[in-house]
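Data from protein.txt: compact mmCIF, C-alpha atoms
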```
# COMPACT_ATOMS: atom_id res chain seq x y z
CA MET A 1 15.68 24.92 4.42
CA ILE A 2 13.62 21.82 5.08
CA ARG A 3 11.24 21.77 8.05
CA ILE A 4 7.99 20.20 9.25
CA MET A 5 5.04 21.33 7.12
CA THR A 6 2.41 23.43 8.87
CA GLN A 7 -1.25 23.71 7.88
CA ASN A 8 -0.45 27.20 6.58
CA ASP A 9 2.38 25.78 4.47
CA PHE A 10 0.00 23.24 3.01
CA GLN A 11 -2.38 26.02 2.01
CA HIS A 12 0.43 27.72 0.08
CA PHE A 13 1.45 24.38 -1.40
CA TRP A 14 -2.08 23.38 -2.47
CA PRO A 15 -1.92 24.90 -6.01
CA THR A 16 1.14 22.71 -6.74
CA PHE A 17 -0.49 19.64 -5.20
CA LYS A 18 -3.72 20.25 -7.14
CA GLU A 19 -1.91 20.72 -10.44
CA ILE A 20 0.09 17.53 -9.95
CA ILE A 21 -2.90 15.34 -9.14
CA GLU A 22 -5.01 16.89 -11.90
CA GLN A 23 -2.32 16.12 -14.48
CA GLN A 24 -2.65 12.41 -13.57
CA GLU A 25 0.82 11.57 -14.79
CA THR A 26 2.61 10.66 -11.57
CA TYR A 27 0.41 10.13 -8.48
CA ALA A 28 -2.18 7.41 -7.87
CA PHE A 29 -4.33 9.95 -6.01
CA ASP A 30 -7.91 10.93 -6.74
CA PRO A 31 -7.56 13.99 -9.04
CA ASP A 32 -10.76 15.51 -7.62
CA MET A 33 -9.86 15.37 -3.93
CA SER A 34 -10.53 18.46 -1.86
CA GLN A 35 -7.83 20.52 -0.14
CA GLN A 36 -8.98 19.06 3.18
CA GLN A 37 -8.71 15.48 1.93
CA ALA A 38 -5.30 16.23 0.48
CA TYR A 39 -4.13 17.73 3.77
CA ALA A 40 -5.32 14.62 5.65
CA LEU A 41 -3.54 12.33 3.20
CA TRP A 42 -0.27 14.27 2.97
CA CYS A 43 0.09 15.67 6.50
CA GLN A 44 -2.11 13.70 8.90
CA LYS A 45 -2.09 10.02 7.88
CA VAL A 46 1.72 10.03 7.95
CA ASP A 47 4.57 10.22 10.44
CA ASN A 48 5.64 13.66 9.21
CA ALA A 49 5.26 15.98 6.24
CA TYR A 50 8.09 18.38 5.38
CA VAL A 51 8.51 21.50 3.25
CA MET A 52 11.53 22.92 1.55
CA ALA A 53 11.14 26.71 1.55
CA GLU A 54 13.13 29.74 0.41
CA GLY A 55 11.72 32.76 2.21
CA ASP A 56 7.98 32.69 1.56
CA GLU A 57 8.27 30.37 -1.42
CA ILE A 58 7.61 26.65 -1.05
CA LEU A 59 9.88 24.74 -3.41
CA GLY A 60 8.70 21.27 -2.58
CA SER A 61 7.31 18.90 -0.01
CA TYR A 62 7.35 15.27 1.02
CA TYR A 63 5.64 12.96 3.48
CA LEU A 64 7.15 10.05 5.37
CA LYS A 65 5.09 7.18 6.78
CA ALA A 66 5.25 3.45 7.51
CA ASN A 67 4.55 1.34 4.43
CA ALA A 68 3.01 -1.50 6.43
CA MET A 69 2.38 -2.53 10.02
CA GLY A 70 3.67 -5.02 12.55
CA PRO A 71 6.42 -7.30 11.21
CA SER A 72 6.95 -5.00 8.19
CA ASN A 73 6.93 -1.67 10.02
CA HIS A 74 10.66 -1.20 9.45
CA ILE A 75 9.94 -0.18 5.84
CA CYS A 76 8.76 3.37 5.22
CA ASN A 77 7.22 5.11 2.24
CA CYS A 78 7.62 8.68 0.99
CA GLY A 79 6.03 10.84 -1.68
CA TYR A 80 7.65 13.98 -3.08
CA MET A 81 6.26 16.97 -4.96
CA VAL A 82 8.21 19.89 -6.43
CA ALA A 83 6.63 23.26 -7.30
CA PRO A 84 6.59 23.90 -11.08
CA GLN A 85 8.81 27.01 -10.83
CA ALA A 86 11.41 25.12 -8.76
CA ARG A 87 11.97 22.18 -11.11
CA GLY A 88 15.37 21.28 -12.57
CA LYS A 89 17.22 22.64 -9.52
CA GLY A 90 17.81 19.45 -7.59
CA VAL A 91 14.91 19.96 -5.18
CA ALA A 92 13.66 16.36 -5.51
CA ARG A 93 17.14 15.02 -4.86
CA THR A 94 17.53 17.23 -1.78
CA LEU A 95 14.13 16.18 -0.46
CA CYS A 96 14.88 12.50 -1.04
CA GLU A 97 18.27 12.68 0.67
CA HIS A 98 16.63 14.48 3.60
CA SER A 99 13.90 11.84 3.78
CA GLN A 100 16.46 9.05 4.02
CA SER A 101 18.13 10.69 7.03
CA GLU A 102 14.77 11.35 8.65
CA ALA A 103 13.67 7.76 8.03
CA ILE A 104 16.78 6.44 9.78
CA LYS A 105 16.22 8.86 12.69
CA LEU A 106 12.65 7.55 13.00
CA GLY A 107 13.96 3.98 13.16
CA TYR A 108 13.15 2.76 9.66
CA ARG A 109 15.52 0.34 7.93
CA ALA A 110 14.30 0.55 4.32
CA MET A 111 12.23 2.76 2.02
CA GLN A 112 9.77 1.58 -0.62
CA PHE A 113 7.97 3.46 -3.40
CA ASN A 114 4.83 1.53 -4.34
CA SER A 115 4.06 3.13 -7.69
CA VAL A 116 6.61 5.02 -9.76
CA VAL A 117 4.84 5.44 -13.09
CA ALA A 118 7.15 3.97 -15.74
CA SER A 119 6.61 6.91 -18.13
CA ASN A 120 7.91 9.28 -15.43
CA GLN A 121 11.49 8.57 -16.46
CA VAL A 122 12.93 11.61 -14.72
CA ALA A 123 11.77 10.19 -11.39
CA VAL A 124 12.77 6.59 -12.14
CA GLN A 125 16.28 7.68 -13.10
CA LEU A 126 16.69 10.02 -10.15
CA TRP A 127 15.67 7.33 -7.66
CA GLN A 128 18.04 4.88 -9.33
CA ARG A 129 20.90 7.38 -9.02
CA LEU A 130 20.02 7.72 -5.34
CA GLY A 131 20.34 3.96 -4.82
CA TYR A 132 16.75 2.75 -5.19
CA GLN A 133 16.25 -0.41 -7.20
CA ILE A 134 13.29 -1.44 -9.30
CA ILE A 135 12.22 -4.60 -7.46
CA GLY A 136 9.06 -5.17 -9.46
CA THR A 137 6.81 -3.75 -12.15
CA ILE A 138 3.01 -3.70 -11.95
CA PRO A 139 1.55 -4.24 -15.43
CA LYS A 140 -1.05 -1.68 -16.61
CA ALA A 141 -1.01 -0.08 -13.19
CA TYR A 142 -1.79 3.50 -14.17
CA ARG A 143 -4.33 5.03 -16.57
CA HIS A 144 -2.33 7.84 -18.17
CA PRO A 145 -4.43 10.51 -19.92
CA ARG A 146 -2.23 10.48 -23.05
CA LEU A 147 -0.51 7.09 -22.97
CA GLY A 148 -3.35 4.82 -21.76
CA PHE A 149 -2.40 1.97 -19.43
CA VAL A 150 1.17 2.43 -18.24
CA ASP A 151 3.20 0.13 -15.94
CA SER A 152 4.36 1.26 -12.51
CA HIS A 153 7.60 0.32 -10.81
CA ILE A 154 8.02 -0.66 -7.20
CA MET A 155 11.34 0.78 -5.99
CA TYR A 156 13.22 -0.03 -2.82
CA LYS A 157 16.34 0.95 -0.91
CA TRP A 158 17.83 -0.58 2.22
CA LEU A 159 18.95 2.41 4.30
CA GLN A 160 22.41 2.40 5.87
CA MET B 161 -21.98 -20.04 1.70
CA ILE B 162 -20.14 -16.76 1.27
CA ARG B 163 -21.85 -13.53 2.30
CA ILE B 164 -21.08 -10.00 3.52
CA MET B 165 -19.51 -10.07 6.99
CA THR B 166 -21.56 -8.53 9.81
CA GLN B 167 -20.17 -7.03 13.01
CA ASN B 168 -21.48 -10.13 14.82
CA ASP B 169 -19.62 -12.38 12.35
CA PHE B 170 -16.44 -10.45 13.04
CA GLN B 171 -16.85 -11.05 16.76
CA HIS B 172 -17.03 -14.81 16.11
CA PHE B 173 -14.09 -14.55 13.73
CA TRP B 174 -11.89 -12.51 16.09
CA PRO B 175 -10.15 -15.52 17.78
CA THR B 176 -8.93 -16.67 14.34
CA PHE B 177 -7.88 -13.14 13.37
CA LYS B 178 -6.07 -12.65 16.68
CA GLU B 179 -4.24 -15.97 16.42
CA ILE B 180 -3.09 -15.21 12.88
CA ILE B 181 -1.73 -11.74 13.66
CA GLU B 182 -0.10 -12.92 16.89
CA GLN B 183 1.74 -15.70 15.04
CA GLN B 184 3.39 -12.99 12.86
CA GLU B 185 4.06 -15.38 10.01
CA THR B 186 1.77 -14.07 7.28
CA TYR B 187 0.22 -10.63 7.86
CA ALA B 188 1.98 -7.25 8.08
CA PHE B 189 -0.51 -6.19 10.76
CA ASP B 190 0.22 -4.95 14.26
CA PRO B 191 0.05 -8.15 16.39
CA ASP B 192 -1.28 -6.15 19.36
CA MET B 193 -4.19 -4.44 17.66
CA SER B 194 -7.53 -4.42 19.47
CA GLN B 195 -10.67 -6.12 18.18
CA GLN B 196 -12.06 -2.69 17.37
CA GLN B 197 -8.98 -1.70 15.35
CA ALA B 198 -9.08 -5.04 13.56
CA TYR B 199 -12.76 -4.57 12.71
CA ALA B 200 -12.06 -1.11 11.31
CA LEU B 201 -9.17 -2.43 9.20
CA TRP B 202 -10.88 -5.58 7.90
CA CYS B 203 -14.52 -4.43 7.57
CA GLN B 204 -14.67 -0.64 7.47
CA LYS B 205 -11.66 0.68 5.53
CA VAL B 206 -12.56 -1.60 2.61
CA ASP B 207 -15.19 -1.96 -0.09
CA ASN B 208 -16.57 -5.16 1.45
CA ALA B 209 -15.63 -7.92 3.87
CA TYR B 210 -17.05 -11.40 3.37
CA VAL B 211 -17.40 -14.57 5.46
CA MET B 212 -17.66 -18.17 4.41
CA ALA B 213 -19.87 -19.92 6.96
CA GLU B 214 -21.29 -23.40 7.51
CA GLY B 215 -24.20 -23.06 9.94
CA ASP B 216 -22.83 -21.14 12.91
CA GLU B 217 -19.21 -21.86 12.07
CA ILE B 218 -17.08 -19.29 10.28
CA LEU B 219 -14.61 -21.09 8.01
CA GLY B 220 -12.87 -18.02 6.64
CA SER B 221 -13.09 -14.41 5.65
CA TYR B 222 -11.67 -11.91 3.20
CA TYR B 223 -11.78 -8.19 2.50
CA LEU B 224 -11.78 -6.45 -0.87
CA LYS B 225 -10.65 -2.85 -1.37
CA ALA B 226 -8.98 -0.56 -3.88
CA ASN B 227 -5.18 -0.85 -3.80
CA ALA B 228 -4.64 2.78 -4.84
CA MET B 229 -6.62 5.82 -5.89
CA GLY B 230 -7.33 7.87 -9.01
CA PRO B 231 -5.49 6.60 -12.10
CA SER B 232 -4.71 3.27 -10.37
CA ASN B 233 -8.13 2.63 -8.85
CA HIS B 234 -8.79 -0.24 -11.28
CA ILE B 235 -6.51 -2.48 -9.18
CA CYS B 236 -7.94 -4.00 -6.03
CA ASN B 237 -6.38 -5.75 -3.06
CA CYS B 238 -7.70 -8.62 -0.92
CA GLY B 239 -6.63 -10.37 2.26
CA TYR B 240 -7.83 -13.85 3.25
CA MET B 241 -7.90 -15.70 6.57
CA VAL B 242 -9.00 -19.30 7.17
CA ALA B 243 -10.03 -20.61 10.60
CA PRO B 244 -7.54 -23.19 11.97
CA GLN B 245 -10.09 -26.02 12.06
CA ALA B 246 -11.10 -25.37 8.43
CA ARG B 247 -7.63 -25.56 6.86
CA GLY B 248 -6.72 -28.03 4.13
CA LYS B 249 -10.27 -28.06 2.72
CA GLY B 250 -9.94 -25.58 -0.12
CA VAL B 251 -11.45 -22.65 1.78
CA ALA B 252 -8.74 -20.19 0.70
CA ARG B 253 -9.16 -21.23 -2.94
CA THR B 254 -12.96 -20.80 -2.70
CA LEU B 255 -12.58 -17.38 -1.06
CA CYS B 256 -10.06 -16.25 -3.68
CA GLU B 257 -12.21 -17.39 -6.59
CA HIS B 258 -15.17 -15.60 -5.02
CA SER B 259 -13.11 -12.45 -4.55
CA GLN B 260 -12.16 -12.39 -8.21
CA SER B 261 -15.83 -12.48 -9.28
CA GLU B 262 -16.72 -9.82 -6.73
CA ALA B 263 -13.82 -7.63 -7.88
CA ILE B 264 -15.03 -7.79 -11.47
CA LYS B 265 -18.62 -6.98 -10.36
CA LEU B 266 -17.27 -3.94 -8.50
CA GLY B 267 -15.51 -2.76 -11.66
CA TYR B 268 -11.90 -3.71 -10.87
CA ARG B 269 -9.63 -4.91 -13.66
CA ALA B 270 -6.74 -6.43 -11.71
CA MET B 271 -5.88 -7.70 -8.21
CA GLN B 272 -2.61 -7.14 -6.36
CA PHE B 273 -1.25 -8.69 -3.16
CA ASN B 274 1.33 -6.32 -1.66
CA SER B 275 3.08 -8.67 0.72
CA VAL B 276 2.95 -12.45 0.44
CA VAL B 277 5.63 -13.57 2.90
CA ALA B 278 8.03 -15.79 0.92
CA SER B 279 8.19 -18.41 3.69
CA ASN B 280 4.40 -18.86 3.41
CA GLN B 281 4.85 -21.27 0.52
CA VAL B 282 1.35 -22.72 0.77
CA ALA B 283 -0.07 -19.28 -0.02
CA VAL B 284 2.47 -18.45 -2.74
CA GLN B 285 1.78 -21.74 -4.53
CA LEU B 286 -2.00 -21.45 -4.19
CA TRP B 287 -2.04 -17.94 -5.64
CA GLN B 288 0.22 -19.09 -8.48
CA ARG B 289 -2.16 -21.97 -9.28
CA LEU B 290 -4.99 -19.42 -9.34
CA GLY B 291 -3.17 -17.33 -11.94
CA TYR B 292 -1.36 -14.73 -9.82
CA GLN B 293 2.22 -13.96 -10.81
CA ILE B 294 5.09 -12.85 -8.62
CA ILE B 295 5.83 -9.43 -10.14
CA GLY B 296 8.41 -8.41 -7.57
CA THR B 297 10.07 -9.37 -4.31
CA ILE B 298 10.72 -6.97 -1.44
CA PRO B 299 14.03 -7.86 0.26
CA LYS B 300 13.94 -8.36 4.04
CA ALA B 301 10.33 -7.18 4.09
CA TYR B 302 9.08 -9.18 7.07
CA ARG B 303 10.52 -9.86 10.52
CA HIS B 304 9.60 -13.50 11.07
CA PRO B 305 9.77 -14.66 14.71
CA ARG B 306 11.70 -17.86 13.82
CA LEU B 307 13.32 -17.05 10.46
CA GLY B 308 14.41 -13.42 10.98
CA PHE B 309 14.15 -11.10 7.97
CA VAL B 310 12.19 -12.82 5.19
CA ASP B 311 11.39 -11.47 1.71
CA SER B 312 7.82 -10.74 0.62
CA HIS B 313 6.40 -11.21 -2.85
CA ILE B 314 4.14 -8.81 -4.67
CA MET B 315 1.64 -10.87 -6.66
CA TYR B 316 -0.72 -9.71 -9.40
CA LYS B 317 -3.43 -10.99 -11.68
CA TRP B 318 -5.21 -9.22 -14.51
CA LEU B 319 -8.87 -10.25 -14.13
CA GLN B 320 -10.81 -11.43 -17.20
```
Is it possible to express this structure as structure tokens?
Amino acid sequence: MIRIMTQNDFQHFWPTFKEIIEQQETYAFDPDMSQQQAYALWCQKVDNAYVMAEGDEILGSYYLKANAMGPSNHICNCGYMVAPQARGKGVARTLCEHSQSEAIKLGYRAMQFNSVVASNQVAVQLWQRLGYQIIGTIPKAYRHPRLGFVDSHIMYKWLQ
Amino acid sequence: MIRIMTQNDFQHFWPTFKEIIEQQETYAFDPDMSQQQAYALWCQKVDNAYVMAEGDEILGSYYLKANAMGPSNHICNCGYMVAPQARGKGVARTLCEHSQSEAIKLGYRAMQFNSVVASNQVAVQLWQRLGYQIIGTIPKAYRHPRLGFVDSHIMYKWLQ
């Protein structure tokens, strides 16, 4: 079940969020941000944040927001996170499909990911299977703790 | 002379800013934003905003800020505006060259423009002459009042 994320949900989700940003392999987020800063970023400076839950367990979450203003405000942006114990079960795919329907309901016409780290091949391939195209690659965009400077892809899908 | 923009400078610059966003040909900014919102965007949610002035006259302005956080915080982003009466005199070039030096001083390694509207050929060509490359193109990224949906380029330069 996917629903709007509450502040209580975010508190339960925080260990996953913290682990993901501390790994510094996927998100261009400050790895030292506080829970409060993370909540503001993920749940407040967005249109909506959602959780996918099974009973008390949060499997994953995503946010949906405009990617730019004014004449470009028909393009939205999302970020997805899946709890470690829920990986490999299609949660990211389910969240992404849900986000596309929500984006259309909110009036968006396209979705753009601004930084899909090239070494995160699982993500790149999943987004490609879901119809997102690599429309550009930012050289040396991400300082990976093991791989050094890694490129990031910009991915885009026009929503039907 | 280029210097840090004051709140008083922004007040003098506001007619230029307002005209540019109302034209909706170059910036993905809300064309109806207030002066206060514009000041927050251009001067407060950034590292620095600068003005180029000649006596009392403001010729142009730019902001400089990080384009992302954490492992991508070595890439900065700038936006430039030139006053109508100062166009065709190399102001944008001077501002951009200045911004590259400032970016290096602030510790950035690269600069990225997230949305250079493809129909704004003067800008695209100037940035190319200054060493920025088109690293991607966002389809139908910008609703142009005369041209309809126009693509936007993502441009990037690794700073020396």
Query raised in the report: What lies within 10 Å of Cys78 of chain A using only C-alpha atoms, ignoring chain neighbours under 6 positions off, as a PyMOL selection string?
Result: chain A and resi 42+46+48-49+62-67+96+99-100+103+111-114
Give me a file of those residues, with C-alpha atoms, as a PDB file, keeping the file's coordinate frame.
```
ATOM      1  CA  TRP A  42      -0.270  14.270   2.970  1.00  0.00           C
ATOM      2  CA  VAL A  46       1.720  10.030   7.950  1.00  0.00           C
ATOM      3  CA  ASN A  48       5.640  13.660   9.210  1.00  0.00           C
ATOM      4  CA  ALA A  49       5.260  15.980   6.240  1.00  0.00           C
ATOM      5  CA  TYR A  62       7.350  15.270   1.020  1.00  0.00           C
ATOM      6  CA  TYR A  63       5.640  12.960   3.480  1.00  0.00           C
ATOM      7  CA  LEU A  64       7.150  10.050   5.370  1.00  0.00           C
ATOM      8  CA  LYS A  65       5.090   7.180   6.780  1.00  0.00           C
ATOM      9  CA  ALA A  66       5.250   3.450   7.510  1.00  0.00           C
ATOM     10  CA  ASN A  67       4.550   1.340   4.430  1.00  0.00           C
ATOM     11  CA  CYS A  96      14.880  12.500  -1.040  1.00  0.00           C
ATOM     12  CA  SER A  99      13.900  11.840   3.780  1.00  0.00           C
ATOM     13  CA  GLN A 100      16.460   9.050   4.020  1.00  0.00           C
ATOM     14  CA  ALA A 103      13.670   7.760   8.030  1.00  0.00           C
ATOM     15  CA  MET A 111      12.230   2.760   2.020  1.00  0.00           C
ATOM     16  CA  GLN A 112       9.770   1.580  -0.620  1.00  0.00           C
ATOM     17  CA  PHE A 113       7.970   3.460  -3.400  1.00  0.00           C
ATOM     18  CA  ASN A 114       4.830   1.530  -4.340  1.00  0.00           C
TER      19      ASN A 114
END
```
Query - Test item: residues at most 9 Å from Val91 of chain A, all atoms listed in the file, excluding those fewer than 6 positions along its chain, as an NGL selection string - result: :A and (52 or 59-60 or 82)
Query - Surrounding residues of Lys140 of chain A excluding itself and chain neighbours under 4 positions, 12 Å, only C-alpha atoms, as an MDAnalysis selection string - result: (chainID A and resid 115 117:119 144 147:153) or (chainID B and resid 231:235 269:272 316:319)
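Shortest separation to chain A among B:Gln285, B:Gln320, B:Gln293, B:Ser221 occurs at residue B:Gln293, atoms counted being all atoms listed in the file.
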Requested in this report: With a cut-off of 7 Å and counting all atoms listed in the file, select all residues of chain B in contact with chain A and give the selection as JSON, numbers by chain.
Outcome: {"B": [184, 188, 189, 190, 191, 228, 229, 230, 231, 232, 295, 296, 297, 298, 301, 302, 303, 304]}
Can you give me chain A superposed onto chain B, least-squares on all Cα in order, written as a compact mmCIF listing (two decimals) with C-alpha atoms, in the frame of the given file?
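And here's superposed03.txt as it stands now:
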```txt
# COMPACT_ATOMS: atom_id res chain seq x y z
CA MET A 1 -21.96 -20.03 1.69
CA ILE A 2 -20.12 -16.76 1.26
CA ARG A 3 -21.84 -13.52 2.29
CA ILE A 4 -21.09 -10.00 3.53
CA MET A 5 -19.51 -10.07 6.99
CA THR A 6 -21.55 -8.54 9.80
CA GLN A 7 -20.17 -7.04 13.01
CA ASN A 8 -21.48 -10.14 14.81
CA ASP A 9 -19.62 -12.37 12.34
CA PHE A 10 -16.44 -10.45 13.02
CA GLN A 11 -16.85 -11.06 16.75
CA HIS A 12 -17.03 -14.81 16.10
CA PHE A 13 -14.09 -14.55 13.72
CA TRP A 14 -11.89 -12.51 16.09
CA PRO A 15 -10.15 -15.51 17.78
CA THR A 16 -8.93 -16.66 14.33
CA PHE A 17 -7.88 -13.13 13.36
CA LYS A 18 -6.07 -12.64 16.68
CA GLU A 19 -4.23 -15.95 16.42
CA ILE A 20 -3.10 -15.20 12.88
CA ILE A 21 -1.73 -11.74 13.65
CA GLU A 22 -0.11 -12.92 16.89
CA GLN A 23 1.74 -15.68 15.04
CA GLN A 24 3.38 -12.98 12.86
CA GLU A 25 4.06 -15.38 10.02
CA THR A 26 1.77 -14.07 7.29
CA TYR A 27 0.22 -10.62 7.87
CA ALA A 28 1.97 -7.25 8.07
CA PHE A 29 -0.52 -6.18 10.75
CA ASP A 30 0.22 -4.95 14.25
CA PRO A 31 0.03 -8.14 16.38
CA ASP A 32 -1.28 -6.15 19.36
CA MET A 33 -4.21 -4.43 17.65
CA SER A 34 -7.52 -4.42 19.47
CA GLN A 35 -10.67 -6.13 18.19
CA GLN A 36 -12.07 -2.69 17.35
CA GLN A 37 -8.99 -1.71 15.34
CA ALA A 38 -9.09 -5.04 13.56
CA TYR A 39 -12.76 -4.59 12.71
CA ALA A 40 -12.05 -1.11 11.29
CA LEU A 41 -9.17 -2.44 9.20
CA TRP A 42 -10.89 -5.59 7.92
CA CYS A 43 -14.51 -4.45 7.57
CA GLN A 44 -14.67 -0.64 7.47
CA LYS A 45 -11.65 0.67 5.53
CA VAL A 46 -12.54 -1.61 2.61
CA ASP A 47 -15.18 -1.96 -0.09
CA ASN A 48 -16.57 -5.15 1.45
CA ALA A 49 -15.63 -7.91 3.88
CA TYR A 50 -17.05 -11.40 3.36
CA VAL A 51 -17.42 -14.57 5.44
CA MET A 52 -17.64 -18.16 4.41
CA ALA A 53 -19.87 -19.92 6.95
CA GLU A 54 -21.28 -23.40 7.52
CA GLY A 55 -24.18 -23.07 9.93
CA ASP A 56 -22.83 -21.14 12.91
CA GLU A 57 -19.20 -21.87 12.08
CA ILE A 58 -17.08 -19.29 10.28
CA LEU A 59 -14.61 -21.06 8.01
CA GLY A 60 -12.87 -18.02 6.64
CA SER A 61 -13.09 -14.40 5.64
CA TYR A 62 -11.67 -11.91 3.19
CA TYR A 63 -11.77 -8.19 2.50
CA LEU A 64 -11.77 -6.45 -0.86
CA LYS A 65 -10.65 -2.85 -1.35
CA ALA A 66 -8.97 -0.55 -3.88
CA ASN A 67 -5.18 -0.84 -3.81
CA ALA A 68 -4.64 2.78 -4.83
CA MET A 69 -6.62 5.83 -5.88
CA GLY A 70 -7.31 7.86 -8.99
CA PRO A 71 -5.50 6.60 -12.10
CA SER A 72 -4.72 3.27 -10.36
CA ASN A 73 -8.13 2.61 -8.84
CA HIS A 74 -8.80 -0.24 -11.26
CA ILE A 75 -6.51 -2.48 -9.18
CA CYS A 76 -7.94 -4.00 -6.02
CA ASN A 77 -6.39 -5.75 -3.05
CA CYS A 78 -7.70 -8.62 -0.92
CA GLY A 79 -6.63 -10.37 2.26
CA TYR A 80 -7.82 -13.84 3.25
CA MET A 81 -7.91 -15.69 6.56
CA VAL A 82 -8.99 -19.29 7.18
CA ALA A 83 -10.03 -20.62 10.61
CA PRO A 84 -7.53 -23.17 11.99
CA GLN A 85 -10.10 -26.01 12.07
CA ALA A 86 -11.09 -25.37 8.44
CA ARG A 87 -7.63 -25.56 6.87
CA GLY A 88 -6.71 -28.02 4.11
CA LYS A 89 -10.27 -28.05 2.73
CA GLY A 90 -9.93 -25.58 -0.11
CA VAL A 91 -11.45 -22.66 1.79
CA ALA A 92 -8.73 -20.20 0.69
CA ARG A 93 -9.17 -21.22 -2.93
CA THR A 94 -12.95 -20.79 -2.70
CA LEU A 95 -12.57 -17.39 -1.06
CA CYS A 96 -10.06 -16.25 -3.67
CA GLU A 97 -12.21 -17.39 -6.59
CA HIS A 98 -15.18 -15.60 -5.02
CA SER A 99 -13.12 -12.44 -4.55
CA GLN A 100 -12.16 -12.39 -8.22
CA SER A 101 -15.82 -12.48 -9.29
CA GLU A 102 -16.72 -9.82 -6.75
CA ALA A 103 -13.83 -7.63 -7.88
CA ILE A 104 -15.03 -7.79 -11.48
CA LYS A 105 -18.61 -6.99 -10.36
CA LEU A 106 -17.27 -3.95 -8.49
CA GLY A 107 -15.50 -2.77 -11.65
CA TYR A 108 -11.91 -3.71 -10.87
CA ARG A 109 -9.64 -4.91 -13.67
CA ALA A 110 -6.74 -6.42 -11.69
CA MET A 111 -5.88 -7.69 -8.21
CA GLN A 112 -2.61 -7.14 -6.36
CA PHE A 113 -1.25 -8.69 -3.16
CA ASN A 114 1.33 -6.32 -1.67
CA SER A 115 3.08 -8.69 0.72
CA VAL A 116 2.95 -12.46 0.43
CA VAL A 117 5.62 -13.58 2.88
CA ALA A 118 8.04 -15.79 0.92
CA SER A 119 8.19 -18.43 3.69
CA ASN A 120 4.40 -18.86 3.41
CA GLN A 121 4.84 -21.28 0.52
CA VAL A 122 1.35 -22.72 0.78
CA ALA A 123 -0.08 -19.29 -0.02
CA VAL A 124 2.47 -18.45 -2.73
CA GLN A 125 1.77 -21.73 -4.52
CA LEU A 126 -1.99 -21.46 -4.20
CA TRP A 127 -2.03 -17.94 -5.65
CA GLN A 128 0.22 -19.09 -8.49
CA ARG A 129 -2.16 -21.96 -9.27
CA LEU A 130 -4.99 -19.41 -9.33
CA GLY A 131 -3.16 -17.32 -11.94
CA TYR A 132 -1.36 -14.72 -9.83
CA GLN A 133 2.20 -13.95 -10.81
CA ILE A 134 5.08 -12.85 -8.62
CA ILE A 135 5.83 -9.44 -10.15
CA GLY A 136 8.39 -8.41 -7.57
CA THR A 137 10.07 -9.39 -4.32
CA ILE A 138 10.72 -6.98 -1.44
CA PRO A 139 14.02 -7.88 0.24
CA LYS A 140 13.93 -8.34 4.05
CA ALA A 141 10.33 -7.18 4.09
CA TYR A 142 9.07 -9.17 7.06
CA ARG A 143 10.53 -9.86 10.52
CA HIS A 144 9.60 -13.50 11.07
CA PRO A 145 9.77 -14.67 14.71
CA ARG A 146 11.69 -17.85 13.81
CA LEU A 147 13.32 -17.07 10.47
CA GLY A 148 14.40 -13.43 10.98
CA PHE A 149 14.15 -11.12 7.97
CA VAL A 150 12.18 -12.83 5.21
CA ASP A 151 11.39 -11.48 1.71
CA SER A 152 7.83 -10.75 0.62
CA HIS A 153 6.40 -11.21 -2.85
CA ILE A 154 4.15 -8.81 -4.67
CA MET A 155 1.63 -10.87 -6.66
CA TYR A 156 -0.71 -9.70 -9.39
CA LYS A 157 -3.44 -10.98 -11.67
CA TRP A 158 -5.22 -9.22 -14.52
CA LEU A 159 -8.87 -10.24 -14.13
CA GLN A 160 -10.82 -11.41 -17.18
```
Report task. Enumerate, as a PyMOL selection string, the protein, DNA and RNA residues whose atoms approach (-16.0, -6.7, 12.2) to within 12 Å, taking into account all atoms listed in the file and the coordinate frame of the file. Result -> chain B and resi 164-175+177+194-206+208-211+221-223
Output file for the residues above (C-alpha atoms, as a compact mmCIF listing (two decimals), in the coordinates of the input):
```txt
# COMPACT_ATOMS: atom_id res chain seq x y z
CA ILE B 164 -21.08 -10.00 3.52
CA MET B 165 -19.51 -10.07 6.99
CA THR B 166 -21.56 -8.53 9.81
CA GLN B 167 -20.17 -7.03 13.01
CA ASN B 168 -21.48 -10.13 14.82
CA ASP B 169 -19.62 -12.38 12.35
CA PHE B 170 -16.44 -10.45 13.04
CA GLN B 171 -16.85 -11.05 16.76
CA HIS B 172 -17.03 -14.81 16.11
CA PHE B 173 -14.09 -14.55 13.73
CA TRP B 174 -11.89 -12.51 16.09
CA PRO B 175 -10.15 -15.52 17.78
CA PHE B 177 -7.88 -13.14 13.37
CA SER B 194 -7.53 -4.42 19.47
CA GLN B 195 -10.67 -6.12 18.18
CA GLN B 196 -12.06 -2.69 17.37
CA GLN B 197 -8.98 -1.70 15.35
CA ALA B 198 -9.08 -5.04 13.56
CA TYR B 199 -12.76 -4.57 12.71
CA ALA B 200 -12.06 -1.11 11.31
CA LEU B 201 -9.17 -2.43 9.20
CA TRP B 202 -10.88 -5.58 7.90
CA CYS B 203 -14.52 -4.43 7.57
CA GLN B 204 -14.67 -0.64 7.47
CA LYS B 205 -11.66 0.68 5.53
CA VAL B 206 -12.56 -1.60 2.61
CA ASN B 208 -16.57 -5.16 1.45
CA ALA B 209 -15.63 -7.92 3.87
CA TYR B 210 -17.05 -11.40 3.37
CA VAL B 211 -17.40 -14.57 5.46
CA SER B 221 -13.09 -14.41 5.65
CA TYR B 222 -11.67 -11.91 3.20
CA TYR B 223 -11.78 -8.19 2.50
```
**Report entry** Atom-to-atom span, atom CA of Thr254 of chain B and atom CA of Leu290 of chain B, Å
**Finding:** 10.5 Å
